>>> print(open('upload_24.csv').read())   # CSV, C-alpha atoms and all ligand atoms
chain,number,residue,atom,x,y,z
O,1,MET,CA,22.0,-48.4,57.4
O,2,ARG,CA,22.6,-47.7,61.1
O,3,ARG,CA,24.1,-44.3,61.7
O,4,ARG,CA,25.8,-43.3,64.9
O,5,ASP,CA,26.8,-39.7,65.8
O,6,GLY,CA,27.7,-38.7,62.3
O,7,TYR,CA,29.7,-41.8,61.7
O,8,ALA,CA,28.4,-44.9,60.1
O,9,ALA,CA,28.9,-48.2,61.8
O,10,LEU,CA,30.0,-50.8,59.2
O,11,LYS,CA,30.6,-54.4,59.7
O,12,THR,CA,33.6,-56.0,58.0
O,13,GLU,CA,35.3,-59.3,58.8
O,14,LEU,CA,38.7,-58.2,60.1
O,15,GLU,CA,41.2,-59.9,62.3
O,16,TYR,CA,42.4,-58.3,65.5
O,17,PRO,CA,45.6,-60.1,66.3
O,18,LEU,CA,46.5,-58.2,69.5
O,19,THR,CA,44.6,-59.6,72.5
O,20,THR,CA,45.7,-57.0,75.1
O,21,VAL,CA,44.4,-53.4,74.8
O,22,PRO,CA,45.7,-50.5,76.8
O,23,GLU,CA,43.3,-48.8,79.3
O,24,PRO,CA,42.8,-45.1,78.5
O,25,GLY,CA,45.8,-43.1,79.9
O,26,THR,CA,48.2,-46.1,79.7
O,27,ALA,CA,50.7,-47.7,77.3
O,28,ILE,CA,51.5,-51.3,76.3
O,29,PRO,CA,54.3,-52.6,74.0
O,30,LEU,CA,53.1,-53.0,70.4
O,31,ALA,CA,56.3,-54.1,68.7
O,32,PRO,CA,60.0,-53.8,69.6
O,33,ARG,CA,60.8,-50.1,70.5
O,34,MET,CA,57.1,-49.1,70.0
O,35,LEU,CA,54.4,-48.4,72.5
O,36,TRP,CA,50.6,-48.3,71.9
O,37,VAL,CA,49.1,-45.5,74.0
O,38,ARG,CA,45.4,-45.0,74.5
O,39,LEU,CA,44.0,-41.7,75.7
O,40,PRO,CA,40.4,-40.8,76.7
O,41,VAL,CA,38.2,-38.7,74.3
O,42,PRO,CA,34.9,-37.3,75.4
O,43,GLY,CA,31.8,-38.4,73.4
O,44,ALA,CA,31.1,-41.4,71.2
O,45,LEU,CA,34.7,-42.0,70.1
O,46,ARG,CA,35.7,-42.6,73.7
O,47,HIS,CA,39.4,-43.0,73.0
O,48,ILE,CA,42.3,-42.3,70.6
O,49,ASN,CA,45.4,-44.4,70.0
O,50,VAL,CA,48.7,-42.6,69.7
O,51,TRP,CA,52.1,-44.2,69.1
O,52,LEU,CA,55.4,-43.8,70.9
O,53,LEU,CA,58.6,-44.8,69.1
O,54,ASP,CA,61.8,-45.4,71.1
O,55,ASP,CA,64.7,-43.5,69.4
O,56,GLY,CA,67.2,-44.4,72.1
O,57,GLU,CA,68.1,-41.1,73.7
O,58,SER,CA,64.6,-39.8,73.1
O,59,TRP,CA,61.1,-40.6,71.7
O,60,THR,CA,59.0,-39.8,68.7
O,61,LEU,CA,55.3,-39.5,69.3
O,62,VAL,CA,52.6,-39.8,66.6
O,63,ASP,CA,49.5,-37.9,67.6
O,64,THR,CA,48.9,-36.4,71.0
O,65,GLY,CA,45.3,-36.8,72.4
O,66,MET,CA,42.9,-34.0,73.1
O,67,ASN,CA,43.5,-31.1,75.5
O,68,THR,CA,41.4,-32.4,78.4
O,69,ALA,CA,42.3,-32.6,82.1
O,70,GLU,CA,42.4,-36.4,81.9
O,71,SER,CA,44.8,-36.6,79.0
O,72,ARG,CA,47.1,-33.9,80.4
O,73,ALA,CA,47.2,-35.8,83.7
O,74,ALA,CA,48.1,-39.0,81.8
O,75,TRP,CA,51.0,-37.3,80.0
O,76,ILE,CA,52.5,-35.9,83.2
O,77,GLY,CA,51.8,-39.0,85.2
O,78,ALA,CA,51.5,-42.6,84.0
O,79,LEU,CA,52.8,-41.9,80.5
O,80,GLU,CA,55.8,-39.8,81.6
O,81,ALA,CA,56.9,-42.8,83.7
O,82,GLU,CA,56.9,-44.9,80.5
O,83,LEU,CA,59.3,-42.5,78.9
O,84,GLY,CA,62.0,-43.6,81.4
O,85,GLY,CA,63.3,-40.0,81.9
O,86,ARG,CA,63.9,-39.5,78.2
O,87,PRO,CA,62.2,-36.6,76.4
O,88,ILE,CA,59.9,-36.7,73.4
O,89,ARG,CA,61.9,-34.9,70.8
O,90,ARG,CA,59.6,-35.2,67.8
O,91,ILE,CA,55.8,-35.1,67.5
O,92,LEU,CA,54.2,-35.9,64.2
O,93,CYS,CA,50.5,-35.0,64.0
O,94,THR,CA,48.6,-37.0,61.4
O,95,HIS,CA,46.1,-34.1,61.0
O,96,HIS,CA,44.7,-31.0,62.8
O,97,HIS,CA,41.7,-32.5,64.6
O,98,PRO,CA,41.8,-31.8,68.3
O,99,ASP,CA,42.0,-35.5,69.4
O,100,HIS,CA,45.1,-35.8,67.2
O,101,ALA,CA,46.8,-32.5,67.7
O,102,GLY,CA,45.1,-31.0,70.8
O,103,LEU,CA,48.1,-31.5,73.1
O,104,VAL,CA,50.9,-30.8,70.6
O,105,GLN,CA,51.8,-27.4,71.8
O,106,PHE,CA,51.7,-28.5,75.5
O,107,LEU,CA,53.9,-31.6,74.9
O,108,ALA,CA,56.3,-29.7,72.5
O,109,GLU,CA,56.9,-27.1,75.2
O,110,ARG,CA,57.2,-29.6,78.0
O,111,HIS,CA,59.7,-31.8,76.1
O,112,GLY,CA,61.4,-29.4,73.7
O,113,ALA,CA,60.0,-31.4,70.8
O,114,ASP,CA,60.0,-30.5,67.1
O,115,ILE,CA,56.5,-30.6,65.5
O,116,TRP,CA,56.0,-32.3,62.2
O,117,MET,CA,52.9,-31.9,60.1
O,118,SER,CA,51.9,-31.7,56.5
O,119,ALA,CA,51.7,-28.2,54.9
O,120,GLY,CA,48.1,-28.8,54.0
O,121,GLU,CA,47.2,-29.4,57.7
O,122,VAL,CA,49.2,-26.3,58.8
O,123,ALA,CA,47.1,-24.3,56.3
O,124,VAL,CA,43.9,-25.6,57.9
O,125,PHE,CA,45.3,-24.6,61.3
O,126,ALA,CA,45.9,-21.0,60.0
O,127,ARG,CA,42.3,-20.7,58.7
O,128,ILE,CA,40.9,-22.0,62.0
O,129,ARG,CA,43.0,-19.5,63.8
O,130,ALA,CA,41.8,-16.7,61.5
O,131,CYS,CA,38.2,-17.7,62.3
O,132,ILE,CA,38.8,-17.6,66.1
O,133,GLU,CA,40.7,-14.3,66.0
O,134,ASP,CA,38.7,-12.4,63.3
O,135,ALA,CA,34.9,-11.9,63.8
O,136,ALA,CA,34.4,-11.1,60.1
O,137,VAL,CA,36.0,-14.5,59.1
O,138,ALA,CA,33.8,-16.3,61.7
O,139,ASP,CA,30.7,-14.5,60.3
O,140,GLU,CA,31.6,-15.7,56.8
O,141,ARG,CA,31.9,-19.2,58.0
O,142,VAL,CA,28.5,-19.1,59.7
O,143,ALA,CA,27.0,-17.6,56.5
O,144,ALA,CA,28.5,-20.3,54.3
O,145,LEU,CA,26.9,-23.0,56.4
O,146,GLU,CA,23.5,-21.1,56.6
O,147,ALA,CA,23.6,-21.0,52.8
O,148,GLU,CA,23.5,-24.8,52.8
O,149,GLY,CA,20.3,-24.7,55.0
O,150,LEU,CA,21.9,-25.2,58.4
O,151,ALA,CA,19.9,-23.7,61.3
O,152,VAL,CA,22.4,-21.7,63.3
O,153,GLY,CA,21.2,-21.3,66.9
O,154,ASP,CA,23.5,-20.1,69.7
O,155,GLU,CA,25.1,-23.5,70.4
O,156,MET,CA,25.7,-24.1,66.7
O,157,ARG,CA,27.1,-20.6,66.3
O,158,ALA,CA,29.6,-21.3,69.1
O,159,LEU,CA,30.6,-24.6,67.4
O,160,VAL,CA,30.9,-23.1,63.9
O,161,ARG,CA,33.1,-20.3,65.4
O,162,PHE,CA,35.4,-23.0,66.8
O,163,GLU,CA,34.8,-22.2,70.5
O,164,GLN,CA,34.8,-25.9,71.4
O,165,TYR,CA,37.8,-26.5,69.2
O,166,ARG,CA,39.7,-23.8,71.0
O,167,SER,CA,39.1,-25.3,74.4
O,168,ARG,CA,40.2,-28.8,73.1
O,169,THR,CA,43.6,-27.6,71.9
O,170,SER,CA,46.5,-26.4,74.0
O,171,GLY,CA,47.4,-23.8,71.4
O,172,PHE,CA,48.4,-23.6,67.8
O,173,PRO,CA,51.9,-24.8,67.0
O,174,THR,CA,54.3,-21.9,66.7
O,175,LYS,CA,56.8,-23.7,64.5
O,176,VAL,CA,56.2,-26.7,62.3
O,177,GLU,CA,58.5,-28.8,60.1
O,178,PRO,CA,56.5,-29.8,57.1
O,179,VAL,CA,56.3,-33.4,56.1
O,180,ALA,CA,55.5,-34.2,52.5
O,181,ASP,CA,54.3,-37.2,50.5
O,182,GLY,CA,57.2,-39.6,49.9
O,183,ASP,CA,59.3,-38.4,52.8
O,184,THR,CA,61.1,-41.1,54.7
O,185,PHE,CA,62.5,-41.0,58.3
O,186,VAL,CA,63.7,-43.3,60.9
O,187,ALA,CA,61.9,-43.7,64.3
O,188,GLY,CA,61.8,-46.5,66.7
O,189,GLY,CA,64.6,-48.2,64.8
O,190,ARG,CA,62.6,-48.6,61.6
O,191,ASP,CA,62.2,-46.7,58.4
O,192,TRP,CA,58.8,-45.0,57.8
O,193,ARG,CA,57.5,-43.6,54.5
O,194,VAL,CA,54.9,-40.7,54.6
O,195,PHE,CA,51.8,-40.8,52.5
O,196,ILE,CA,49.8,-37.6,52.4
O,197,LEU,CA,46.1,-38.5,51.8
O,198,ALA,CA,43.0,-36.4,51.5
O,199,GLY,CA,39.3,-37.0,52.2
O,200,HIS,CA,38.9,-37.1,55.9
O,201,THR,CA,40.9,-33.8,56.0
O,202,ASP,CA,42.9,-32.0,53.4
O,203,ALA,CA,46.3,-33.6,53.9
O,204,GLN,CA,46.5,-36.4,56.5
O,205,ALA,CA,49.9,-38.0,57.1
O,206,VAL,CA,49.8,-41.7,57.1
O,207,LEU,CA,52.9,-43.7,58.0
O,208,TRP,CA,54.1,-47.0,56.4
O,209,CYS,CA,56.8,-49.2,57.6
O,210,GLU,CA,57.5,-51.8,54.9
O,211,ARG,CA,59.9,-54.0,56.9
O,212,ASP,CA,57.4,-54.7,59.6
O,213,GLY,CA,54.2,-54.3,57.6
O,214,LEU,CA,52.9,-51.5,59.9
O,215,LEU,CA,50.5,-48.8,58.8
O,216,ILE,CA,49.8,-45.9,61.2
O,217,SER,CA,46.5,-44.9,59.5
O,218,GLY,CA,45.3,-42.0,61.6
O,219,ASP,CA,41.6,-41.5,60.7
O,220,GLN,CA,42.1,-42.4,57.1
O,221,VAL,CA,41.0,-46.0,57.6
O,222,LEU,CA,39.2,-47.1,60.8
O,223,PRO,CA,38.1,-50.6,61.6
O,224,ARG,CA,34.5,-50.1,62.9
O,225,ILE,CA,33.3,-46.6,61.9
O,226,SER,CA,33.5,-44.7,58.7
O,227,SER,CA,35.6,-41.6,59.0
O,228,ASN,CA,33.8,-38.3,58.5
O,229,VAL,CA,34.3,-37.1,54.9
O,230,GLY,CA,32.9,-33.7,54.7
O,231,ILE,CA,33.0,-30.2,53.2
O,232,TYR,CA,33.8,-27.5,55.7
O,233,PRO,CA,34.6,-23.8,54.9
O,234,GLU,CA,38.2,-24.0,56.3
O,235,ARG,CA,39.2,-26.9,54.1
O,236,ALA,CA,40.7,-26.4,50.6
O,237,ASP,CA,39.3,-29.7,49.1
O,238,ARG,CA,36.1,-29.2,47.3
O,239,ASP,CA,35.5,-32.8,46.4
O,240,PRO,CA,36.6,-34.8,49.5
O,241,VAL,CA,34.6,-37.9,48.6
O,242,ARG,CA,36.5,-38.3,45.4
O,243,SER,CA,39.8,-37.5,47.2
O,244,TYR,CA,39.0,-40.1,49.9
O,245,LEU,CA,38.2,-42.8,47.3
O,246,GLU,CA,41.4,-41.9,45.4
O,247,SER,CA,43.4,-42.4,48.6
O,248,PHE,CA,42.2,-46.0,48.6
O,249,ASP,CA,44.0,-46.5,45.2
O,250,VAL,CA,47.2,-45.7,47.1
O,251,LEU,CA,46.5,-47.8,50.2
O,252,GLU,CA,45.4,-50.9,48.1
O,253,GLU,CA,49.0,-51.1,46.8
O,254,LEU,CA,50.1,-52.2,50.3
O,255,PRO,CA,50.4,-55.9,51.3
O,256,ARG,CA,47.3,-57.8,52.4
O,257,ASP,CA,48.9,-58.8,55.7
O,258,THR,CA,49.5,-55.2,56.7
O,259,LEU,CA,48.8,-54.5,60.4
O,260,VAL,CA,46.8,-51.3,60.4
O,261,LEU,CA,47.2,-49.1,63.5
O,262,PRO,CA,44.1,-46.9,63.5
O,263,ALA,CA,43.5,-43.9,65.7
O,264,HIS,CA,40.2,-45.3,66.9
O,265,GLY,CA,39.5,-49.0,67.5
O,266,ASN,CA,42.0,-51.8,67.7
O,267,PRO,CA,44.9,-52.7,65.4
O,268,PHE,CA,43.6,-55.0,62.6
O,269,VAL,CA,44.6,-57.1,59.6
O,270,GLY,CA,42.2,-56.8,56.6
O,271,LEU,CA,43.0,-53.4,55.0
O,272,HIS,CA,41.7,-54.5,51.6
O,273,ALA,CA,38.4,-55.8,52.9
O,274,ARG,CA,37.9,-52.7,55.0
O,275,ILE,CA,38.6,-50.5,52.0
O,276,ALA,CA,36.1,-52.5,49.9
O,277,SER,CA,33.5,-51.9,52.6
O,278,LEU,CA,34.2,-48.2,52.8
O,279,ARG,CA,34.0,-47.9,49.0
O,280,ALA,CA,30.6,-49.6,49.1
O,281,HIS,CA,29.4,-47.3,51.9
O,282,HIS,CA,30.2,-44.2,49.9
O,283,ALA,CA,28.8,-45.6,46.7
O,284,ALA,CA,25.5,-46.3,48.6
O,285,THR,CA,25.5,-42.8,50.1
O,286,LEU,CA,26.0,-41.2,46.7
O,287,GLU,CA,23.1,-43.3,45.3
O,288,GLN,CA,20.9,-42.4,48.3
O,289,VAL,CA,21.7,-38.7,48.0
O,290,ALA,CA,21.0,-38.7,44.2
O,291,SER,CA,17.6,-40.4,44.7
O,292,LEU,CA,16.7,-37.9,47.5
O,293,LEU,CA,17.5,-35.1,45.0
O,294,ALA,CA,14.8,-36.3,42.6
O,295,GLU,CA,13.2,-33.2,44.1
O,296,PRO,CA,15.1,-30.0,44.8
O,297,ARG,CA,16.4,-29.9,48.4
O,298,THR,CA,19.1,-28.2,50.4
O,299,ALA,CA,22.0,-30.2,51.7
O,300,ALA,CA,20.6,-29.8,55.3
O,301,GLU,CA,17.3,-31.3,54.2
O,302,VAL,CA,19.0,-34.2,52.6
O,303,ALA,CA,21.1,-34.7,55.7
O,304,THR,CA,17.9,-35.2,57.9
O,305,GLN,CA,16.8,-37.9,55.5
O,306,ILE,CA,20.1,-39.8,55.7
O,307,PHE,CA,20.9,-39.3,59.3
O,308,VAL,CA,17.5,-40.2,60.6
O,309,ARG,CA,18.3,-40.4,64.3
O,310,LYS,CA,18.1,-37.2,66.4
O,311,LEU,CA,21.6,-35.7,66.4
O,312,ASP,CA,23.3,-33.3,68.8
O,313,THR,CA,24.8,-30.1,67.6
O,314,LEU,CA,28.2,-31.5,66.7
O,315,ASN,CA,26.8,-34.4,64.8
O,316,THR,CA,24.2,-32.2,63.0
O,317,TYR,CA,27.2,-30.1,61.8
O,318,LEU,CA,29.2,-33.2,60.8
O,319,ALA,CA,26.1,-34.7,59.1
O,320,LEU,CA,25.7,-31.6,57.0
O,321,GLY,CA,29.4,-31.6,56.0
O,322,GLU,CA,29.2,-35.3,55.1
O,323,THR,CA,26.0,-34.8,53.1
O,324,LEU,CA,27.3,-31.7,51.3
O,325,ALA,CA,30.5,-33.6,50.3
O,326,HIS,CA,28.4,-36.3,48.6
O,327,VAL,CA,26.1,-33.7,47.0
O,328,ARG,CA,29.2,-31.8,45.6
O,329,CYS,CA,30.7,-35.1,44.4
O,330,LEU,CA,27.5,-35.7,42.4
O,331,VAL,CA,27.6,-32.0,41.1
O,332,ASN,CA,31.2,-32.4,40.0
O,333,ALA,CA,30.3,-35.7,38.2
O,334,GLY,CA,27.4,-33.9,36.4
O,335,ALA,CA,24.7,-36.0,38.1
O,336,VAL,CA,23.3,-33.2,40.2
O,337,THR,CA,23.0,-29.5,39.5
O,338,GLN,CA,22.7,-26.5,41.9
O,339,LEU,CA,19.7,-24.2,41.4
O,340,ASP,CA,19.8,-20.4,41.5
O,341,GLY,CA,18.7,-18.7,44.6
O,342,ALA,CA,19.3,-18.9,48.4
O,343,PRO,CA,19.6,-21.1,50.3
O,344,ASN,CA,21.5,-23.4,48.0
O,345,ARG,CA,19.2,-26.1,46.5
O,346,TYR,CA,20.3,-29.1,44.5
O,347,VAL,CA,18.5,-31.4,42.1
O,348,ALA,CA,19.4,-34.5,40.2
O,349,VAL,CA,19.9,-34.2,36.4
O,350,SER,CA,17.3,-36.3,34.8
O,401,ZN,ZN,40.1,-36.8,62.3
>>> encode(input="upload_24.csv", output="structure tokens", more="lines below")
Ligand SMILES: [Zn+2]
Amino acid sequence: MRRRDGYAALKTELEYPLTTVPEPGTAIPLAPRMLWVRLPVPGALRHINVWLLDDGESWTLVDTGMNTAESRAAWIGALEAELGGRPIRRILCTHHHPDHAGLVQFLAERHGADIWMSAGEVAVFARIRACIEDAAVADERVAALEAEGLAVGDEMRALVRFEQYRSRTSGFPTKVEPVADGDTFVAGGRDWRVFILAGHTDAQAVLWCERDGLLISGDQVLPRISSNVGIYPERADRDPVRSYLESFDVLEELPRDTLVLPAHGNPFVGLHARIASLRAHHAATLEQVASLLAEPRTAAEVATQIFVRKLDTLNTYLALGETLAHVRCLVNAGAVTQLDGAPNRYVAVS
């Protein structure tokens, strides 16, 4: 299995019905009263898709892009021109990751917008903020990852203490309106229903428009890469692999011809095929981790066996989180047990 930058590249037969793709920093029409905006993201992801919904007097924006000079320049240049002099009055962030929420505070202040997010994601924001502002909390986070066998050098320490995260966000939102599972709202002249789904993060908001068969999937389902599903100290979910697989039970209820609007990659049809492929990917990873734990190992040791390519600091960290999530899923299922002592070692139950 080819692994790339902490994400697995998976091939599934999907249809990509839209032939035109926006250049980073620009927008194109996706549907009536709806724009598809693409913004640059540094690193392997390269871009994020965000969505502008035309509410008449103003706009609703779903996700914001990362706090980089390029994305800020787009929002005050080419994209502001697309708004036709009307403000963004509502920004819904699917989740707290900096490519999704990095510019929320900047844009909310610029346009006087309300910020909508799930309570679970607001709670993660609060814990990240505590880690940035309180050295004792940051030290605990470092210790929790060292306990899983992670080697924490200077660069890793900075990452674990959210120094990179801090630079990639324009500030923590000061006031957030919580969105909850089952909520409905109107934006861009259509009704949307909110699903709150876990796995990639604690409480990602995914938006479904039944009338037009549109699913704004955030990072919950992506067409070409598998979303990171990991355990990290600031998250509440202790079994994200199980949560992620359970989220598919919800999404599989949607129609087969749903047009999925992912945060990375192009809009596609083939949600059910994609979910089947992702289920198979996680089943294979669980099997691989269980067989590697025929002998006692730390999660960090298992990660080096799964992610065989040399990884940079960020992807070493993501690979540990992903491996640990699969180890914990096996522990919770009774297939693996944790041994006494430090660092944490795990072994398959024979
Ligand atoms: Zn994400």
>>> residues_near_ligand(input="upload_24.csv", ligand="ligand ZN 401 (chain O)", cutoff="7 Å", atoms="all atoms listed in the file", output="ChimeraX atom specification")
/O:95,97,200,219
>>> atom_distance(input="upload_24.csv", atom1="CA of Ala130 in chain O", atom2="CA of Met117 in chain O")
18.9 Å
>>> residues_around(input="upload_24.csv", residues="range 154-169 of chain O", least_positions_apart="6", cutoff="7 Å", atoms="only C-alpha atoms", output="list in words")
Met66, Asn67, Thr68, Pro98, Gly102, Leu103, Cys131, Ile132, Ala138, Val142 and Thr313 of chain O
>>> closest_residue(input="upload_24.csv", among="O:Trp208, O:Ile216, O:Ile48, O:Gln288", to="Pro255 in chain O", atoms="all atoms listed in the file")
O:Trp208
>>> atom_distance(input="upload_24.csv", atom1="CA of Ala151 in chain O", atom2="CA of His282 in chain O")
25.6 Å
>>> build_atoms(input="upload_24.csv", residues="range 97-107 of chain O", atoms="all heavy atoms", output="CSV table (one decimal), in the frame of the given file")
chain,number,residue,atom,x,y,z
O,97,HIS,N,42.9,-32.3,63.7
O,97,HIS,CA,41.7,-32.5,64.6
O,97,HIS,C,42.2,-32.6,66.0
O,97,HIS,O,43.3,-33.1,66.3
O,97,HIS,CB,41.0,-33.8,64.2
O,97,HIS,CG,40.1,-33.6,63.0
O,97,HIS,ND1,39.7,-34.7,62.2
O,97,HIS,CD2,39.6,-32.5,62.4
O,97,HIS,CE1,39.0,-34.2,61.2
O,97,HIS,NE2,39.0,-32.9,61.3
O,98,PRO,N,41.3,-32.1,67.0
O,98,PRO,CA,41.8,-31.8,68.3
O,98,PRO,C,42.2,-33.1,69.1
O,98,PRO,O,43.0,-33.1,70.0
O,98,PRO,CB,40.6,-31.1,69.0
O,98,PRO,CG,39.5,-31.3,68.1
O,98,PRO,CD,40.0,-31.5,66.8
O,99,ASP,N,41.6,-34.3,68.7
O,99,ASP,CA,42.0,-35.5,69.4
O,99,ASP,C,43.4,-35.9,68.9
O,99,ASP,O,44.1,-36.7,69.6
O,99,ASP,CB,41.0,-36.6,69.2
O,99,ASP,CG,40.4,-36.8,67.8
O,99,ASP,OD1,40.6,-35.8,67.0
O,99,ASP,OD2,39.9,-37.9,67.5
O,100,HIS,N,43.8,-35.5,67.8
O,100,HIS,CA,45.1,-35.8,67.2
O,100,HIS,C,46.2,-34.8,67.6
O,100,HIS,O,47.3,-35.2,67.8
O,100,HIS,CB,45.0,-36.0,65.7
O,100,HIS,CG,44.1,-37.1,65.3
O,100,HIS,ND1,44.5,-38.3,64.9
O,100,HIS,CD2,42.7,-37.2,65.3
O,100,HIS,CE1,43.5,-39.1,64.7
O,100,HIS,NE2,42.4,-38.5,64.9
O,101,ALA,N,45.8,-33.5,67.5
O,101,ALA,CA,46.8,-32.5,67.7
O,101,ALA,C,46.5,-31.6,68.9
O,101,ALA,O,47.2,-30.6,69.1
O,101,ALA,CB,46.9,-31.6,66.4
O,102,GLY,N,45.5,-31.9,69.7
O,102,GLY,CA,45.1,-31.0,70.8
O,102,GLY,C,46.2,-30.7,71.8
O,102,GLY,O,46.2,-29.7,72.4
O,103,LEU,N,47.1,-31.7,72.0
O,103,LEU,CA,48.1,-31.5,73.1
O,103,LEU,C,49.5,-31.2,72.5
O,103,LEU,O,50.5,-31.3,73.2
O,103,LEU,CB,48.2,-32.7,74.0
O,103,LEU,CG,47.0,-32.7,75.0
O,103,LEU,CD1,47.0,-34.0,75.8
O,103,LEU,CD2,47.1,-31.5,76.0
O,104,VAL,N,49.5,-30.9,71.2
O,104,VAL,CA,50.9,-30.8,70.6
O,104,VAL,C,51.7,-29.7,71.1
O,104,VAL,O,52.9,-29.8,71.4
O,104,VAL,CB,50.8,-30.8,69.0
O,104,VAL,CG1,50.2,-29.5,68.5
O,104,VAL,CG2,52.1,-31.0,68.4
O,105,GLN,N,51.1,-28.5,71.3
O,105,GLN,CA,51.8,-27.4,71.8
O,105,GLN,C,52.3,-27.6,73.3
O,105,GLN,O,53.4,-27.3,73.7
O,105,GLN,CB,51.0,-26.1,71.7
O,105,GLN,CG,51.7,-24.8,71.9
O,105,GLN,CD,52.9,-24.6,71.0
O,105,GLN,OE1,53.0,-25.3,69.9
O,105,GLN,NE2,53.8,-23.7,71.3
O,106,PHE,N,51.4,-28.2,74.1
O,106,PHE,CA,51.7,-28.5,75.5
O,106,PHE,C,52.8,-29.5,75.6
O,106,PHE,O,53.8,-29.2,76.3
O,106,PHE,CB,50.4,-29.1,76.1
O,106,PHE,CG,50.6,-29.8,77.4
O,106,PHE,CD1,50.8,-29.1,78.6
O,106,PHE,CD2,50.6,-31.2,77.5
O,106,PHE,CE1,51.0,-29.7,79.8
O,106,PHE,CE2,50.8,-31.8,78.8
O,106,PHE,CZ,51.0,-31.1,79.9
O,107,LEU,N,52.8,-30.5,74.8
O,107,LEU,CA,53.9,-31.6,74.9
O,107,LEU,C,55.2,-31.0,74.2
O,107,LEU,O,56.3,-31.3,74.7
O,107,LEU,CB,53.4,-32.8,74.2
O,107,LEU,CG,52.4,-33.6,74.9
O,107,LEU,CD1,51.8,-34.8,74.1
O,107,LEU,CD2,52.9,-34.2,76.2
